[in-house]
Every structure is written in C-alpha cells, then in structure tokens.
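Just entry19.cif here, mmCIF, C-alpha atoms and all ligand atoms:
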```
data_coords
#
loop_
_atom_site.label_atom_id
_atom_site.label_comp_id
_atom_site.auth_asym_id
_atom_site.auth_seq_id
_atom_site.Cartn_x
_atom_site.Cartn_y
_atom_site.Cartn_z
CA MET A 25 -73.72 101.84 -41.67
CA SER A 26 -71.23 99.89 -39.66
CA PRO A 27 -67.54 100.06 -40.65
CA LYS A 28 -67.85 96.42 -41.67
CA GLN A 29 -70.67 97.14 -44.12
CA ILE A 30 -68.77 100.07 -45.60
CA ASN A 31 -65.68 97.91 -46.03
CA LYS A 32 -67.83 95.40 -47.86
CA LEU A 33 -69.02 98.06 -50.32
CA ASP A 34 -65.45 99.14 -50.95
CA ALA A 35 -64.20 95.57 -51.21
CA SER A 36 -66.67 94.80 -54.02
CA ASP A 37 -65.77 98.00 -55.93
CA LYS A 38 -64.09 96.92 -59.18
CA LEU A 39 -62.72 100.42 -59.76
CA SER A 40 -61.03 100.76 -56.37
CA GLY A 41 -57.58 100.22 -57.90
CA LYS A 42 -57.90 103.37 -60.01
CA ARG A 43 -57.41 105.71 -57.08
CA ALA A 44 -53.72 104.78 -56.99
CA LEU A 45 -53.32 106.32 -60.46
CA PHE A 46 -54.18 109.77 -59.09
CA SER A 47 -52.40 112.23 -56.92
CA VAL A 48 -54.96 113.59 -54.42
CA PRO A 49 -53.96 115.11 -51.06
CA GLU A 50 -54.39 112.64 -48.18
CA ASP A 51 -56.42 115.03 -46.06
CA VAL A 52 -58.93 115.92 -48.77
CA ILE A 53 -62.12 114.24 -49.96
CA TYR A 54 -62.69 115.58 -53.43
CA LEU A 55 -66.35 115.95 -54.39
CA ASN A 56 -65.68 118.38 -57.23
CA GLY A 57 -64.40 116.24 -60.10
CA ASN A 58 -67.18 117.63 -62.29
CA SER A 59 -65.60 121.10 -62.23
CA LEU A 60 -61.92 120.23 -62.30
CA GLY A 61 -60.98 116.56 -62.44
CA PRO A 62 -58.21 115.39 -60.08
CA LEU A 63 -54.60 115.00 -61.19
CA PRO A 64 -53.64 111.64 -62.75
CA SER A 65 -50.06 110.98 -61.61
CA ASN A 66 -48.80 110.12 -65.10
CA VAL A 67 -49.67 113.67 -66.25
CA GLN A 68 -46.85 114.97 -64.10
CA HIS A 69 -44.35 112.61 -65.71
CA ARG A 70 -45.62 113.34 -69.19
CA LEU A 71 -45.40 117.11 -68.74
CA ASN A 72 -41.92 116.82 -67.25
CA SER A 73 -40.78 114.94 -70.30
CA VAL A 74 -42.57 117.19 -72.81
CA ILE A 75 -40.96 120.21 -71.17
CA SER A 76 -37.45 118.94 -70.58
CA GLU A 77 -36.98 116.51 -73.48
CA GLU A 78 -39.31 117.66 -76.25
CA TRP A 79 -39.34 121.41 -75.78
CA GLY A 80 -36.02 121.65 -73.89
CA LYS A 81 -33.90 119.49 -76.18
CA ASP A 82 -35.66 118.91 -79.47
CA LEU A 83 -37.09 122.42 -79.66
CA ILE A 84 -39.03 123.22 -82.82
CA GLY A 85 -38.15 119.83 -84.33
CA SER A 86 -40.68 118.35 -81.88
CA TRP A 87 -43.59 119.39 -84.11
CA ASN A 88 -42.46 116.52 -86.36
CA LYS A 89 -40.26 114.36 -84.17
CA HIS A 90 -42.76 114.08 -81.31
CA GLY A 91 -45.86 114.49 -83.46
CA TRP A 92 -47.03 117.71 -81.81
CA ILE A 93 -48.73 118.72 -85.04
CA ASP A 94 -51.08 115.71 -84.94
CA LEU A 95 -51.80 115.87 -81.22
CA PRO A 96 -55.25 117.52 -81.57
CA LEU A 97 -56.40 114.65 -83.79
CA ARG A 98 -54.65 111.95 -81.76
CA VAL A 99 -56.27 113.15 -78.54
CA GLY A 100 -59.59 113.35 -80.39
CA GLU A 101 -59.17 109.69 -81.39
CA LYS A 102 -58.61 108.77 -77.75
CA ILE A 103 -61.78 110.57 -76.69
CA ALA A 104 -63.88 109.06 -79.50
CA PRO A 105 -64.59 105.68 -77.82
CA ILE A 106 -65.73 107.49 -74.66
CA LEU A 107 -68.31 109.26 -76.84
CA GLY A 108 -69.38 106.23 -78.84
CA ALA A 109 -67.87 107.73 -81.97
CA ALA A 110 -66.03 105.92 -84.74
CA SER A 111 -62.64 107.17 -85.85
CA GLY A 112 -62.14 110.44 -87.74
CA GLN A 113 -64.90 112.53 -86.16
CA VAL A 114 -63.40 114.01 -82.98
CA LEU A 115 -60.83 116.78 -82.64
CA CYS A 116 -59.43 118.40 -79.53
CA CYS A 117 -59.01 122.17 -79.72
CA ASP A 118 -59.95 125.52 -78.20
CA SER A 119 -62.69 125.82 -75.56
CA VAL A 120 -66.31 124.66 -75.56
CA SER A 121 -67.39 128.28 -76.06
CA LEU A 122 -65.28 128.75 -79.19
CA ASN A 123 -66.30 125.42 -80.62
CA LEU A 124 -69.97 126.22 -80.06
CA PHE A 125 -69.54 129.41 -82.06
CA LYS A 126 -68.00 127.45 -84.92
CA LEU A 127 -70.74 124.83 -84.78
CA LEU A 128 -73.71 127.19 -84.51
CA ALA A 129 -72.50 129.24 -87.46
CA SER A 130 -71.93 126.04 -89.44
CA CYS A 131 -75.45 124.80 -88.67
CA LEU A 132 -76.91 128.05 -90.02
CA GLN A 133 -74.92 127.44 -93.21
CA LEU A 134 -76.30 123.92 -93.45
CA ARG A 135 -79.88 125.18 -93.11
CA PRO A 136 -79.76 128.36 -95.26
CA ASP A 137 -83.52 128.90 -95.25
CA ARG A 138 -83.83 128.74 -91.46
CA THR A 139 -82.59 131.32 -88.93
CA ARG A 140 -83.48 130.07 -85.47
CA ILE A 141 -81.39 128.44 -82.75
CA LEU A 142 -83.40 126.67 -80.06
CA SER A 143 -82.00 126.20 -76.56
CA GLN A 144 -83.04 125.89 -72.95
CA LYS A 145 -83.47 128.74 -70.46
CA ASP A 146 -81.19 127.22 -67.85
CA ASN A 147 -78.57 125.95 -70.25
CA PHE A 148 -75.00 126.76 -69.20
CA PRO A 149 -74.67 130.53 -69.71
CA THR A 150 -71.69 130.40 -72.08
CA ASP A 151 -73.77 128.37 -74.55
CA LEU A 152 -76.44 131.07 -74.53
CA TYR A 153 -73.93 133.93 -74.65
CA VAL A 154 -72.26 132.47 -77.74
CA ALA A 155 -75.62 132.20 -79.49
CA GLN A 156 -76.52 135.75 -78.44
CA GLY A 157 -73.19 136.98 -79.78
CA LEU A 158 -73.81 135.27 -83.09
CA GLN A 159 -77.27 136.82 -83.26
CA GLN A 160 -75.78 140.28 -82.68
CA LEU A 161 -73.13 139.68 -85.31
CA LEU A 162 -75.45 138.36 -88.01
CA GLY A 163 -78.50 140.43 -87.12
CA PRO A 164 -81.91 139.09 -86.05
CA SER A 165 -83.08 138.53 -89.61
CA SER A 166 -80.31 135.94 -90.08
CA CYS A 167 -80.00 134.46 -86.62
CA GLN A 168 -82.30 134.37 -83.65
CA LEU A 169 -82.00 132.51 -80.35
CA ASP A 170 -85.18 131.05 -78.86
CA ILE A 171 -84.99 129.80 -75.28
CA VAL A 172 -87.68 127.76 -73.57
CA ALA A 173 -88.02 125.69 -70.39
CA ALA A 174 -86.95 122.04 -70.59
CA GLU A 175 -90.56 120.81 -70.59
CA GLN A 176 -91.40 122.98 -73.61
CA LEU A 177 -88.55 121.84 -75.83
CA ALA A 178 -90.48 119.13 -77.68
CA ASP A 179 -93.29 121.54 -78.60
CA ALA A 180 -90.86 124.24 -79.69
CA LEU A 181 -89.25 122.04 -82.37
CA SER A 182 -90.83 123.79 -85.34
CA GLU A 183 -89.67 123.84 -88.94
CA GLU A 184 -88.24 127.33 -88.52
CA ILE A 185 -85.51 125.97 -86.25
CA ALA A 186 -82.12 125.36 -87.85
CA VAL A 187 -80.44 123.86 -84.80
CA LEU A 188 -81.26 122.57 -81.35
CA MET A 189 -78.40 123.27 -78.92
CA LEU A 190 -78.61 121.62 -75.50
CA SER A 191 -76.47 120.43 -72.63
CA HIS A 192 -76.90 116.73 -71.92
CA VAL A 193 -76.50 117.19 -68.15
CA ASN A 194 -77.81 120.34 -66.52
CA PHE A 195 -74.92 121.99 -64.70
CA ARG A 196 -77.14 123.05 -61.82
CA ASP A 197 -79.37 120.13 -60.88
CA GLY A 198 -77.67 117.37 -62.86
CA ALA A 199 -80.86 116.43 -64.77
CA VAL A 200 -80.12 114.58 -68.01
CA HIS A 201 -81.85 114.85 -71.35
CA ASP A 202 -82.61 111.82 -73.49
CA ILE A 203 -80.19 112.53 -76.34
CA ALA A 204 -81.51 109.75 -78.57
CA ALA A 205 -85.16 110.81 -78.27
CA LEU A 206 -84.60 114.57 -78.66
CA THR A 207 -82.21 114.07 -81.56
CA GLN A 208 -84.76 111.90 -83.33
CA MET A 209 -87.56 114.40 -82.72
CA ALA A 210 -85.37 117.22 -84.06
CA HIS A 211 -84.41 115.20 -87.14
CA GLU A 212 -88.06 114.52 -87.93
CA ARG A 213 -88.31 118.27 -88.60
CA ASP A 214 -84.93 118.40 -90.30
CA ILE A 215 -83.41 120.28 -87.35
CA LEU A 216 -79.70 119.77 -86.62
CA VAL A 217 -78.55 119.04 -83.06
CA ILE A 218 -75.52 120.19 -81.05
CA TRP A 219 -75.05 118.43 -77.72
CA ASP A 220 -72.84 119.97 -75.05
CA LEU A 221 -71.34 117.01 -73.18
CA ALA A 222 -69.34 119.04 -70.64
CA HIS A 223 -70.74 117.09 -67.66
CA SER A 224 -71.24 113.80 -69.52
CA ALA A 225 -67.97 112.76 -71.14
CA GLY A 226 -66.19 110.26 -68.92
CA ILE A 227 -69.13 109.60 -66.61
CA LEU A 228 -72.21 108.77 -68.73
CA PRO A 229 -72.33 106.12 -71.46
CA LEU A 230 -72.66 107.85 -74.83
CA SER A 231 -73.41 106.51 -78.31
CA LEU A 232 -73.17 109.57 -80.54
CA ASP A 233 -72.89 107.56 -83.77
CA ASP A 234 -75.79 105.24 -82.93
CA TRP A 235 -77.93 108.19 -81.83
CA ASN A 236 -77.17 109.87 -85.13
CA VAL A 237 -76.07 113.07 -83.35
CA ASP A 238 -74.91 115.80 -85.75
CA PHE A 239 -72.44 117.69 -83.58
CA ALA A 240 -71.16 117.68 -80.01
CA VAL A 241 -68.67 119.48 -77.78
CA GLY A 242 -67.37 118.91 -74.27
CA CYS A 243 -64.71 119.77 -71.72
CA GLY A 244 -61.30 118.18 -71.28
CA TYR A 245 -60.92 119.38 -67.70
CA LYS A 246 -64.05 117.97 -66.03
CA PHE A 247 -64.55 114.19 -65.82
CA LEU A 248 -61.77 113.63 -68.36
CA ASN A 249 -59.25 115.01 -65.82
CA GLY A 250 -57.14 116.89 -68.39
CA GLY A 251 -56.18 119.74 -66.05
CA PRO A 252 -57.16 123.41 -65.69
CA GLY A 253 -58.09 124.91 -69.06
CA ALA A 254 -57.59 121.61 -70.91
CA PRO A 255 -58.82 121.95 -74.49
CA SER A 256 -62.35 121.02 -75.48
CA PHE A 257 -63.34 118.27 -77.87
CA VAL A 258 -65.58 118.70 -80.88
CA TYR A 259 -67.46 115.88 -82.62
CA VAL A 260 -68.59 116.29 -86.21
CA ASN A 261 -70.61 113.39 -87.59
CA LYS A 262 -69.08 111.99 -90.78
CA LYS A 263 -72.27 112.64 -92.72
CA HIS A 264 -71.60 116.39 -92.46
CA HIS A 265 -67.94 116.32 -93.39
CA ASP A 266 -66.98 118.67 -96.20
CA GLN A 267 -70.53 120.06 -96.47
CA PHE A 268 -69.72 123.47 -94.94
CA THR A 269 -66.84 125.67 -93.77
CA GLN A 270 -66.72 126.75 -90.15
CA PRO A 271 -66.14 130.52 -89.94
CA LEU A 272 -63.27 130.80 -87.44
CA GLN A 273 -60.85 129.98 -90.20
CA GLY A 274 -57.21 129.85 -89.26
CA TRP A 275 -54.04 128.45 -90.71
CA MET A 276 -54.13 125.28 -88.61
CA GLY A 277 -57.50 124.41 -90.13
CA HIS A 278 -56.12 124.87 -93.64
CA LYS A 279 -55.67 121.85 -95.87
CA ALA A 280 -51.93 122.58 -96.14
CA PRO A 281 -50.87 125.14 -93.49
CA PHE A 282 -47.24 125.09 -94.54
CA GLU A 283 -48.01 126.05 -98.11
CA PHE A 284 -48.79 129.53 -96.71
CA ASP A 285 -51.41 130.02 -99.38
CA PRO A 286 -53.07 133.47 -99.08
CA SER A 287 -56.50 131.94 -99.63
CA PHE A 288 -58.18 129.46 -97.33
CA THR A 289 -58.92 125.87 -98.28
CA PRO A 290 -60.34 123.93 -95.34
CA ALA A 291 -58.77 120.68 -94.15
CA GLU A 292 -60.93 117.65 -94.82
CA GLY A 293 -63.31 116.34 -92.18
CA VAL A 294 -63.13 117.50 -88.59
CA GLY A 295 -59.62 118.95 -89.12
CA GLN A 296 -61.03 122.27 -90.35
CA PHE A 297 -62.20 123.00 -86.78
CA MET A 298 -58.62 123.86 -85.85
CA THR A 299 -58.01 127.59 -85.87
CA GLY A 300 -54.63 128.57 -84.42
CA THR A 301 -51.60 126.79 -82.98
CA PRO A 302 -52.60 124.05 -80.52
CA PRO A 303 -51.58 124.39 -76.81
CA ILE A 304 -49.19 121.44 -76.70
CA LEU A 305 -48.61 121.41 -72.94
CA SER A 306 -52.34 121.29 -72.22
CA LEU A 307 -52.96 118.74 -74.93
CA ALA A 308 -50.14 116.52 -73.66
CA ALA A 309 -51.63 116.65 -70.15
CA LEU A 310 -55.06 115.63 -71.46
CA ASP A 311 -53.52 112.94 -73.64
CA ALA A 312 -51.82 111.38 -70.61
CA ALA A 313 -54.93 111.78 -68.43
CA LEU A 314 -56.98 109.79 -70.94
CA ASP A 315 -54.78 106.71 -70.42
CA VAL A 316 -56.72 106.09 -67.22
CA PHE A 317 -59.80 105.35 -69.38
CA ALA A 318 -58.06 102.79 -71.61
CA ASP A 319 -59.35 99.75 -69.73
CA VAL A 320 -62.53 101.03 -68.12
CA ASP A 321 -66.04 100.83 -69.42
CA VAL A 322 -67.91 104.14 -69.02
CA LYS A 323 -70.95 102.11 -67.96
CA GLN A 324 -68.96 100.90 -64.96
CA LEU A 325 -68.01 104.49 -64.11
CA ASN A 326 -71.64 105.54 -64.32
CA GLU A 327 -72.81 102.67 -62.13
CA LYS A 328 -70.28 103.43 -59.40
CA SER A 329 -71.02 107.15 -59.54
CA MET A 330 -74.74 106.41 -59.11
CA ALA A 331 -74.03 104.03 -56.22
CA LEU A 332 -71.89 106.66 -54.46
CA ALA A 333 -74.59 109.29 -54.91
CA GLU A 334 -77.32 106.95 -53.66
CA TYR A 335 -75.17 106.10 -50.66
CA PHE A 336 -74.66 109.80 -49.95
CA LEU A 337 -78.43 110.41 -50.11
CA LYS A 338 -79.20 107.45 -47.91
CA LEU A 339 -76.77 108.60 -45.21
CA ALA A 340 -77.95 112.21 -45.48
CA GLU A 341 -81.58 111.18 -45.03
CA GLN A 342 -80.70 109.53 -41.73
CA GLN A 343 -79.45 112.84 -40.30
CA PRO A 344 -82.21 115.22 -39.16
CA ALA A 345 -79.63 118.07 -39.15
CA LEU A 346 -79.34 117.70 -42.93
CA ARG A 347 -83.07 117.96 -43.68
CA ASP A 348 -82.81 121.65 -44.54
CA LEU A 349 -80.68 120.76 -47.54
CA GLN A 350 -83.29 120.34 -50.27
CA LEU A 351 -82.36 117.92 -53.00
CA SER A 352 -82.88 119.78 -56.27
CA SER A 353 -81.62 116.94 -58.49
CA PRO A 354 -83.93 114.27 -59.90
CA LYS A 355 -84.61 111.45 -57.42
CA GLU A 356 -84.07 108.70 -59.99
CA PRO A 357 -80.33 107.95 -60.35
CA VAL A 358 -80.65 107.25 -64.09
CA GLN A 359 -82.07 110.73 -64.63
CA ARG A 360 -78.94 112.38 -63.22
CA GLY A 361 -75.38 112.97 -64.32
CA GLY A 362 -72.42 112.68 -61.94
CA HIS A 363 -73.52 115.16 -59.31
CA LEU A 364 -76.22 116.03 -56.79
CA SER A 365 -77.37 119.55 -55.92
CA PHE A 366 -78.92 120.71 -52.71
CA ALA A 367 -80.64 124.05 -52.25
CA HIS A 368 -80.08 126.00 -49.04
CA PRO A 369 -80.06 129.78 -48.44
CA GLU A 370 -76.60 129.45 -46.84
CA ALA A 371 -75.22 127.06 -49.46
CA TYR A 372 -72.16 129.21 -50.10
CA ALA A 373 -71.08 129.34 -46.45
CA ILE A 374 -71.90 125.65 -45.95
CA CYS A 375 -69.66 124.78 -48.89
CA GLN A 376 -66.85 126.90 -47.42
CA ALA A 377 -67.20 125.43 -43.93
CA TRP A 378 -67.25 121.90 -45.38
CA GLY A 379 -64.14 122.75 -47.38
CA ASP A 380 -62.46 123.99 -44.21
CA VAL A 381 -62.52 120.43 -42.87
CA GLY A 382 -61.22 118.98 -46.13
CA ILE A 383 -64.39 118.15 -48.04
CA ILE A 384 -64.23 119.94 -51.40
CA ALA A 385 -67.54 120.54 -53.17
CA ASP A 386 -68.77 123.67 -54.95
CA PHE A 387 -71.44 126.30 -54.88
CA ARG A 388 -73.60 127.49 -57.73
CA SER A 389 -75.40 130.78 -57.40
CA PRO A 390 -77.87 131.57 -56.00
CA ASP A 391 -78.29 128.75 -53.48
CA LEU A 392 -76.94 125.39 -54.62
CA LEU A 393 -74.42 123.13 -52.96
CA ARG A 394 -73.08 120.83 -55.69
CA VAL A 395 -71.60 117.48 -54.77
CA SER A 396 -69.95 115.35 -57.41
CA PHE A 397 -69.07 111.66 -57.38
CA SER A 398 -65.92 110.87 -59.35
CA PRO A 399 -65.90 107.09 -59.58
CA LEU A 400 -62.20 106.87 -60.36
CA ILE A 401 -61.01 108.34 -57.07
CA LEU A 402 -63.75 108.01 -54.47
CA CYS A 403 -64.62 105.15 -52.15
CA PHE A 404 -67.73 104.56 -50.03
CA GLU A 405 -65.86 105.16 -46.80
CA GLU A 406 -65.09 108.71 -47.98
CA ILE A 407 -68.78 109.30 -48.66
CA ASP A 408 -69.47 108.22 -45.11
CA ARG A 409 -66.89 110.67 -43.74
CA SER A 410 -68.20 113.47 -45.99
CA VAL A 411 -71.74 113.11 -44.69
CA GLN A 412 -70.43 112.99 -41.12
CA ALA A 413 -68.49 116.21 -41.72
CA LEU A 414 -71.53 117.86 -43.31
CA PHE A 415 -73.56 116.84 -40.28
CA GLU A 416 -71.02 118.61 -38.03
CA VAL A 417 -71.18 121.75 -40.19
CA MET A 418 -74.99 121.83 -40.09
CA HIS A 419 -75.56 120.64 -36.53
CA HIS A 420 -73.06 123.06 -34.98
CA LYS A 421 -73.81 125.75 -37.58
CA THR A 422 -70.09 126.30 -38.10
CA PHE A 423 -71.02 127.84 -41.45
CA SER A 424 -72.28 130.94 -39.64
CA GLU A 425 -68.69 132.07 -38.96
CA ALA A 426 -67.99 135.31 -40.82
CA LYS A 427 -64.97 133.93 -42.68
CA PHE A 428 -67.18 131.44 -44.53
CA HIS A 429 -69.36 134.21 -45.97
CA GLN A 430 -66.70 136.09 -47.90
CA ARG A 431 -67.29 135.53 -51.61
CA ARG A 432 -64.17 134.84 -53.64
CA LYS A 433 -63.85 135.52 -57.36
CA VAL A 434 -64.41 131.87 -58.21
CA THR A 435 -67.18 130.12 -56.31
C1 LIG A 501 -68.08 123.78 -67.96
C2 LIG A 501 -69.04 124.01 -69.06
C3 LIG A 501 -68.67 124.78 -70.19
C4 LIG A 501 -67.35 125.50 -70.21
O1 LIG A 501 -67.04 126.04 -71.45
P1 LIG A 501 -65.56 126.56 -71.76
O2 LIG A 501 -65.70 127.40 -72.95
O3 LIG A 501 -64.73 125.32 -72.04
O4 LIG A 501 -65.07 127.29 -70.58
C5 LIG A 501 -69.57 124.86 -71.23
N1 LIG A 501 -70.78 124.25 -71.18
C6 LIG A 501 -71.17 123.51 -70.10
C7 LIG A 501 -72.49 122.84 -70.10
C8 LIG A 501 -70.31 123.40 -69.01
O5 LIG A 501 -70.69 122.71 -67.93
#
```

Write-out of the structure in structure tokens:
Amino acid sequence: MSPKQINKLDASDKLSGKRALFSVPEDVIYLNGNSLGPLPSNVQHRLNSVISEEWGKDLIGSWNKHGWIDLPLRVGEKIAPILGAASGQVLCCDSVSLNLFKLLASCLQLRPDRTRILSQKDNFPTDLYVAQGLQQLLGPSSCQLDIVAAEQLADALSEEIAVLMLSHVNFRDGAVHDIAALTQMAHERDILVIWDLAHSAGILPLSLDDWNVDFAVGCGYKFLNGGPGAPSFVYVNKKHHDQFTQPLQGWMGHKAPFEFDPSFTPAEGVGQFMTGTPPILSLAALDAALDVFADVDVKQLNEKSMALAEYFLKLAEQQPALRDLQLSSPKEPVQRGGHLSFAHPEAYAICQAWGDVGIIADFRSPDLLRVSFSPLILCFEEIDRSVQALFEVMHHKTFSEAKFHQRRKVT
C-alpha cells in the first residue's frame, strides 16, 4: 500500500490516541502483547508512589490507610466489566495454575457422584498438568482427566463428566471456541464449565454472566498489561457462591482473618479464593494498568486487532518470499483471538532474526512463529514495517546466521 493509504488507515483509527499512554521503546515494534503486555506509563507512577509513600512512609498502616487489604477484590471489580460479569464475582489472586487447581477441586465437590474432568489435547499445558496433579493426589477412582481433540469435545460430553475445562483461545493457533454454545451443551448434561481466558481478557468481547458460565480464570500480564507475573483473576458465578469450599484454604480466604481462629470458616462469595497474603506491588501495577480500559469498548479493541491481523496477512500474501510461512491460524478473523501463527521449520531462528531488527514476536515449539496484534499500542504503519522487515529476513535468509539458532531458556 502507498504511504498515503496507510496514513488513511491510521487516521481513521479511533484507538490511535491510546499509544501515548504506554511506554514502548521507539525502535521496537511490539508484536508480543499476548505474552507480556506493554508497560502503561501510569504504572510507573503508581508503583513509585506505592513504594515511596505507602510502603516507605505509612508502612504497615497502609493495609488499612491505603486499602491494600481490599485490593484483590477492587482489582477484580475493575476486571469484571471486561469479562461481562456483574459485581461481586471476580477476584484477583495467585496464578492461573493455582486458581485452576482450586476450581477443579471445587467442581468435583459440586458434582460428588462424578469423577471426570474433560479437556482438550492441545490445551495450554499448565491446565492439563494441574488436572493431572489433582488426579494423582485424589487417585483415579476419584478424579480422572479425559483429553480429546477439539472436534471431539461435543461428543465427549457424557454424564460421567463433572467439569469441562477449556481455553477460550488456543495459545498456539489462536483458534477460539464458542463459549456460549459449549457451555450450554455442557449444562444440558449437568456438566460444570471452567473457561481459561488467558488470551481473551482485554481483546475479545466476553459475556460470562449472559453465557451462564460457571467459572473462569485468566492472566493479568497478557492483554491486560499488568506486568510480569501479574496476578490472575478468577470468576465465580454468583449461583455457586457459598455452595462449596475451595481446598487451598488460607488465612486470607477466611471470613475473619484477624480473629486468628484455629478453624477455617470461608469468606463469603468469591473472597474464599484468596489463600495467602496478596502481592501488593503486582496488584497495584495491574490496578493502574486497567485504567487504560476505563473508556474503551472491548469490541473496539477486537475490531482493531482483527483489522491489524488482516492487514498483516494481506501484505504477507503479496510477498513471494513469505510463502513458506504457513498460516496455522483459522482464516476467518472472527474465529481467532489476538494473534496469528505461522508454521516454518526455522520459526525459532526467524523470530530471533526479526527481533534483531526490532520486531518482537515469539516462538512456540516446535515450529510456530506467533505474531500478536495489541490494538492499544499498534498502528497500521508499524504492521507495514514489520512485514517489510520479515521480508528482508526471509529473502536474504538472515535467520541462517548461527547466533539466531541458540535456544535461550525462555522462547
Ligand atoms: C499464559 C497462560 C497460562 C499461564 O498460567 P500461569 O499459571 O498464570 O502462569 C495459563 N493458561 C493459558 C491458556 C495461558 O495462555
């Protein structure tokens, strides 16, 4: 496209003003907001003040004075509208993995005459590991994980299944499930559902209450931009409140932690999902990061992300040197989350060589180049430059340099 046409796309972008709220290096085009969201500038100010004023000056009094003790619930309330959840059902604590453990064990309690967890073969590994761990702990006569391919899920929903646990967006190819339809199918057989929204929250429109979802979890550090290791969120539908006790009981999930009662009485509602002391610095960072979402409609974010991805594909198709990159994501934009994946035997080295010229994407083993489209920070002109740079990498085979083949710990 001509520079004029690109400028036109950027000029009609209603989200273009959001970029100024982030601190992203000038010489980088960041196509990895699905793994670690970029830094919202106000997070820096908030953390400075939490550290120097709240911790530095008010010390332990800050638990009351600055409301640290309620931060997990307050941040949960801020995330709730992004999930389509009414107040009182979302809490921010621990990691997705830990929250999945709590939820799976709770679902087995809620369906005492069923023992099976159903999930998908290529679900994110941590989701499967947690279920496998629970199976080992409880023994196969009390808990068993069944995994099937995505196409077989509907047929596998039998009345022996206690809970269906799935990721909304597949972390590899970005394919999305129809939450409403699968939840309804599961409910017809009295199966509970847990949706992992790690790659959905902040990029795909969600209506958890309307879809009658039982439980959900998701990451604070991906499209919500809460920073490395930001706590996870957990959604517990009101209809299940006070019907069970999650097993990772800790004092912060007690009804009255400062009574120091030797026996456990769970807090009401979603509050019982707390276990230990909340990480205030991380929570404060996420809290500040969420301000960016206050006046944006997730639908708008989704539309721009799809437009950026379609633009990327269109430009890539025009370059014969890029034909070897096989799109492994669904072709239809509405069937994808916020990223595209391309298979190539040298995907790792390609990703490194692309990164060397300032285009940051990521690699997923064994052969996927993952490219994500954060609508809050990216413009169409950057997509144009990214495809140009990828063309250079592929056309001149710069990825064949030895230094691009060394695998680091984190890929
Ligand atoms: C990123 C991701 C996770 C990460 O889980 P943590 O316990 O927070 O590290 C879990 N599930 C999915 C689908 C993910 O994409």

What are the closest atom pairs, with distances in Å to one decimal, for all residues of segment 83-160 of chain A lying within 12 Å of segment 315-334 of chain A? Consider all atoms listed in the file, order rows by chain and residue number, and present the result as a Markdown table.
```
| residue | atom | partner | partner_atom | distance |
| --- | --- | --- | --- | --- |
| A:Val99 | CA | A:Asp315 | CA | 10.5 |
| A:Lys102 | CA | A:Asp315 | CA | 8.5 |
| A:Ile103 | CA | A:Phe317 | CA | 9.2 |
| A:Ala104 | CA | A:Phe317 | CA | 11.5 |
| A:Pro105 | CA | A:Ala318 | CA | 9.5 |
| A:Ile106 | CA | A:Val322 | CA | 6.9 |
| A:Leu107 | CA | A:Val322 | CA | 9.4 |
| A:Gly108 | CA | A:Val322 | CA | 10.1 |
```

Fill in: Contacts with ligand LIG 501 (chain A) at most 8 Å, only C-alpha atoms and all ligand atoms counted, listed as JSON, numbers by chain
{"A": [59, 118, 119, 120, 121, 122, 123, 147, 148, 149, 150, 151, 191, 192, 193, 194, 195, 220, 221, 222, 223, 242, 243, 244, 246, 253, 255, 256]}

Please list as a compact mmCIF listing (two decimals) with C-alpha atoms, keeping the file's coordinate frame every residue within 6 Å of segment 64-68 of chain A, counting all atoms listed in the file and excluding residues in the same chain fewer than 3 positions away.
```txt
# COMPACT_ATOMS: atom_id res chain seq x y z
CA LEU A 45 -53.32 106.32 -60.46
CA PHE A 46 -54.18 109.77 -59.09
CA SER A 47 -52.40 112.23 -56.92
CA LEU A 71 -45.40 117.11 -68.74
CA ALA A 309 -51.63 116.65 -70.15
CA ALA A 312 -51.82 111.38 -70.61
CA ALA A 313 -54.93 111.78 -68.43
```

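Nearest residue to Ser365 of chain A among A:Val52, A:Leu190, A:Leu314, A:Leu393 is A:Leu393, counting only C-alpha atoms.
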
Discussion item. Considering only C-alpha atoms, can you say which of A:Cys403, A:Leu305, A:Ile203, A:Leu39 comes closest to Ser231 of chain A?
Written reply: A:Ile203

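For the residues A:Gln359, A:Leu402, A:Lys279, A:Leu337, ranking by smallest atom-to-atom distance to Gly41 of chain A using all atoms listed in the file places A:Leu402 first.
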
Item to complete: May I have the residues within 7 Å of Cys167 of chain A as a PyMOL selection string, using all atoms listed in the file and disregarding those fewer than 6 positions away in the same chain?
Response: chain A and resi 139-140+159

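Comparing A:Leu339, A:Val381, A:Leu181, A:Met189 by their smallest distance to Glu405 of chain A, the closest is A:Leu339 (using all atoms listed in the file).
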
My structure is short of atoms at segment 39-43 of chain A; please model all heavy atoms there, returning them as a compact mmCIF listing (two decimals), in the frame of the given file.
```
# COMPACT_ATOMS: atom_id res chain seq x y z
N LEU A 39 -63.54 99.28 -59.31
CA LEU A 39 -62.72 100.42 -59.76
C LEU A 39 -61.78 100.92 -58.66
O LEU A 39 -61.08 101.92 -58.84
CB LEU A 39 -63.63 101.57 -60.20
CG LEU A 39 -64.44 101.34 -61.47
CD1 LEU A 39 -65.52 102.42 -61.62
CD2 LEU A 39 -63.54 101.34 -62.71
N SER A 40 -61.77 100.22 -57.52
CA SER A 40 -61.03 100.76 -56.37
C SER A 40 -59.53 100.93 -56.67
O SER A 40 -58.89 101.81 -56.12
CB SER A 40 -61.23 99.89 -55.14
OG SER A 40 -60.79 98.59 -55.41
N GLY A 41 -59.01 100.12 -57.57
CA GLY A 41 -57.58 100.22 -57.90
C GLY A 41 -57.21 101.49 -58.64
O GLY A 41 -56.04 101.87 -58.70
N LYS A 42 -58.19 102.18 -59.19
CA LYS A 42 -57.90 103.37 -60.01
C LYS A 42 -57.40 104.55 -59.19
O LYS A 42 -56.67 105.41 -59.69
CB LYS A 42 -59.16 103.79 -60.79
CG LYS A 42 -59.60 102.78 -61.82
CD LYS A 42 -58.60 102.71 -62.96
CE LYS A 42 -58.88 101.53 -63.86
NZ LYS A 42 -57.82 101.32 -64.85
N ARG A 43 -57.81 104.60 -57.94
CA ARG A 43 -57.41 105.71 -57.08
C ARG A 43 -55.88 105.88 -57.05
O ARG A 43 -55.36 107.00 -57.01
CB ARG A 43 -57.97 105.47 -55.67
CG ARG A 43 -57.37 106.32 -54.57
CD ARG A 43 -57.78 107.78 -54.73
NE ARG A 43 -57.37 108.56 -53.57
CZ ARG A 43 -58.20 109.23 -52.79
NH1 ARG A 43 -59.49 109.22 -53.05
NH2 ARG A 43 -57.75 109.93 -51.78
```
